[in-house]
Each structure stands twice: as C-alpha cells, then as structure tokens.
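K.L.:
Dumping the structure here so I can ask a few things about it.
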Amino acid sequence: MSLSRRTARSVRTLGVAAGAVALALGAAGNALACDISEFSAEATCVDGHGVIVVTDKDAYGTPAVVSVFLENNGADAKKIGNQEVKGSAQGTSVTFAEDWQPNAVYRIHVKAGGKLVDADITPNLTTPSTACTPAAPSTPATPSKPATPTPSASATPSKPATAAPTPSASQSSTAPAGTVSNAPSPA
C-alpha cells in the first residue's frame with residue numbers, strides 16, 4: 001500500500017509540475033503573439049507620390065490599429081490617419097498616402113490585442129533626404145485619323161476620270177430628281 005501512495009504522490013507532483021509548465025508556456029505564447037518588434041515602417045514613392053508603408057509580421061494574426069502622425073519638434077503636428085491590419089508570417093502591409101517632405105519625422109503608434117501592444121515603433125520614421133520625383137506624364141493617345149487615299153505623284157490614271165460631285169453633309173441624302181444612275185462611280 002505504501003508503494004502505491006508513493007507512486008500516486010510522485011505522479012501527482014509530476015502532473016502539477018507539468019501543468020505549471022504548460023501554464024507558463026501558454027502565458028508566454030500569448031505574450032509573444034503580438035509584439036511591437038513585429039511592426040516596421042518605411043517611407044517610399046509610388047508613381048511619383050510619397051507613401052508610408054507599415055508592415056505587420058505577427059504570425060498569430062492579432063488585429064492591430066496603426067496610427068501615423070507627422071512630428072514637429074517632438075510633438076504631433078498632424079494625424080495622417082489610422083488603419084486596421086491583421087498580420088501574417090509573410091507580413092501584411094497597410095499604406096498611408098502622404099506626400100512627405102525630405103527628412104520629415106513620423107511617429108507610428110500601434111495598438112493591438114487589447115493591452116498586448118500599445119506602443120510606438122522606435123525609432124520614429126525619418127523620410128529620405130530626397131523628395132519623390134513626379135512620374136513622367138504619359139502622353140495621351142492621339143486619335144487616329146481616318147485613312148484617306150492620297151493621290152500618288154507616280155500614279156496616272158489610264159482613262160481620264162470625271163468625278164461626280166459628292167453631296168455635302170448639309171445636303172439631303174436623296175439624289176436630285178434629274179440624276180438617276182445605277183452605274184458605279186469611277187475609282
């Protein structure tokens with residue numbers, strides 16, 4: 001009987017220890033599910049216009065709200081906007097249209113998973129020292145003119161052709177009463 005009590009006590013102790021380890025790993029897994037280090041930001045140019053791209057590489061896909069602020073002397077000068085993002089292991093990006101100036105500073109704030117993340121991406125985002133160059137305007141397609149035959153200088157007709165006058169657009173489309181002809185017009 002003593003042996004079974006010892007065995008039961010050992011198994012119970014091992015079970016409690018295993019449960020504590022599982023609880024600790026579960027809590028650590030939730031804490032690592034979303035972290036500010038999984039977010040990055042960069043200022044780029046798209047079609048000659050500035051944009052700020054924020055990427056979320058949270059493999060657990062915790063929904064987050066990203067807010068972007070233009071900074072001026074360490075204070076928020078203007079809120080650019082906020083967008084919701086759900087991360088992925090490959091990275092999910094949100095884009096903010098912002099014609100940024102060279103060397104401008106932006107603060108990117110992330111709030112995710114209730115209280116999991118409520119922090120700024122550090123350091124603040126500083127834009128490149130050169131502004132975006134406007135995209136070269138595309139030349140509009142010129143409407144094609146209808147092909148009209150032009151007389152060639154080397155071509156001479158074998159018979160003299162007499163051209164019949166063609167009615168103008170303002171004239172009636174019916175033929176005058178005295179000219180009834182079913183013959184084809186000369187080429």
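Within each chain, counting starts at residue 1; across the structure tokens, chains are named A, B, ... in the order shown, with ligands numbered 1 upward in that order.
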Determine, counting only C-alpha atoms, which protein, DNA and RNA residues have an atom within 7 Å of an atom of Ser93 (chain A); residues of the same chain fewer than 3 positions away are not included. Present the result as a ChimeraX atom specification.
P.N.:
/A:53-56
K.L.:
What lies within 9 Å of Ser37 (chain A) using only C-alpha atoms, ignoring chain neighbours under 6 positions off, as an MDAnalysis selection string?
P.N.:
chainID A and resid 57 121:122
K.L.:
Dump N, CA and C atoms for the selected residues as a PDB file, in the first residue's frame?
P.N.:
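Now in again00.pdb:
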```pdb
ATOM      1  N   LYS A  57       4.275  41.701 -39.108  1.00  0.00           N
ATOM      2  CA  LYS A  57       4.708  40.318 -39.289  1.00  0.00           C
ATOM      3  C   LYS A  57       4.316  39.456 -38.096  1.00  0.00           C
ATOM      4  N   ILE A 121       6.448  52.544 -32.777  1.00  0.00           N
ATOM      5  CA  ILE A 121       7.598  51.906 -33.415  1.00  0.00           C
ATOM      6  C   ILE A 121       8.776  52.834 -33.163  1.00  0.00           C
ATOM      7  N   THR A 122       9.847  52.293 -32.612  1.00  0.00           N
ATOM      8  CA  THR A 122      11.029  53.118 -32.328  1.00  0.00           C
ATOM      9  C   THR A 122      12.188  52.652 -33.185  1.00  0.00           C
TER      10      THR A 122
END
```
K.L.:
Just how far from CA of Asp76 (chain A) is CA of Thr127 (chain A), in Å to one decimal?
P.N.:
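Computing it gives 15.9 Å between the two atoms.
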K.L.:
So that I can check the surroundings of Ala104 (chain A), please list as a compact mmCIF listing (two decimals) with N, CA, C and O atoms, in the first residue's frame every protein, DNA and RNA residue that reaches within 8 Å of it, counting only C-alpha atoms and ignoring chain neighbours fewer than 2 positions away.
P.N.:
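Full text of selection10.txt as output:
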```
# COMPACT_ATOMS: atom_id res chain seq x y z
N LEU A 70 2.49 63.08 -38.17
CA LEU A 70 3.62 63.90 -38.57
C LEU A 70 4.12 64.61 -37.33
O LEU A 70 3.34 65.20 -36.58
N GLU A 71 5.42 64.55 -37.09
CA GLU A 71 6.02 65.16 -35.91
C GLU A 71 6.64 66.51 -36.27
O GLU A 71 7.13 66.69 -37.38
N TRP A 100 5.17 63.18 -48.37
CA TRP A 100 6.10 63.61 -47.34
C TRP A 100 7.21 64.49 -47.91
O TRP A 100 7.53 64.43 -49.09
N GLN A 101 7.73 65.32 -47.05
CA GLN A 101 8.86 66.19 -47.39
C GLN A 101 10.15 65.47 -47.00
O GLN A 101 10.15 64.63 -46.11
N PRO A 102 11.27 65.81 -47.63
CA PRO A 102 12.54 65.19 -47.26
C PRO A 102 12.86 65.43 -45.79
O PRO A 102 12.61 66.51 -45.25
N TYR A 106 8.01 61.02 -38.69
CA TYR A 106 6.67 60.50 -38.44
C TYR A 106 6.71 59.54 -37.25
O TYR A 106 7.64 58.75 -37.12
N THR A 126 12.02 58.51 -40.21
CA THR A 126 12.53 59.71 -40.87
C THR A 126 12.55 59.42 -42.37
O THR A 126 13.09 58.41 -42.81
N THR A 127 11.93 60.30 -43.15
CA THR A 127 11.83 60.11 -44.59
C THR A 127 13.18 60.31 -45.26
O THR A 127 14.08 60.95 -44.69
```
K.L.:
Leaving out Phe69 (chain A) and any residue of its chain fewer than 6 positions from it, which residues lie within 12 Å of it when counting only C-alpha atoms, given as a ChimeraX atom specification?
P.N.:
/A:52,75-82,96,98,100,104-110,120-121,124-126
K.L.:
Write out as number ranges by chain each polymer residue whose atoms come within 8 Å of Ala97 (chain A), counting only C-alpha atoms; drop sequence neighbours fewer than 4 positions from it.
P.N.:
A: 49-52
K.L.:
Quick one: pull the distance between CA of Gln90 (chain A) and CA of Gly48 (chain A), Å, one decimal.
P.N.:
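Those two atoms sit 26.8 Å apart.
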K.L.:
Would you list, as number ranges by chain, the residues of region 82-118 of chain A that end up in strand (DSSP E or B) under DSSP run on this structure's backbone?
P.N.:
A: 82-86, 92-97, 105-112, 117-118
K.L.:
With distances taken over only C-alpha atoms, which of A:Ile36, A:Ala112, A:Val46, A:Ala41 is nearest to Ala64 (chain A)?
P.N.:
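Closest candidate: A:Ala112.
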K.L.:
For Ala59 (chain A), please output as a JSON list (two decimals) with N, CA and C atoms, in the first residue's frame all residues within 7 Å (counting only C-alpha atoms; exclusion window: fewer than 3 positions along the same chain).
P.N.:
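Wrote it out as selection_32.json, contents follow:
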```json
[["chain", "number", "residue", "atom", "x", "y", "z"],
["A", 87, "GLY", "N", -1.86, 40.93, -39.10],
["A", 87, "GLY", "CA", -0.56, 40.45, -39.55],
["A", 87, "GLY", "C", -0.56, 39.03, -40.05],
["A", 88, "SER", "N", 0.58, 38.64, -40.63],
["A", 88, "SER", "CA", 0.81, 37.28, -41.10],
["A", 88, "SER", "C", 2.31, 37.01, -41.02],
["A", 89, "ALA", "N", 2.68, 35.75, -41.11],
["A", 89, "ALA", "CA", 4.10, 35.40, -41.04],
["A", 89, "ALA", "C", 4.88, 36.03, -42.20]]
```
K.L.:
By how many Å are CA of Cys132 (chain A) and CA of Val66 (chain A) apart?
P.N.:
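Separating CA of Cys132 (chain A) from CA of Val66 (chain A) is a distance of 23.6 Å.
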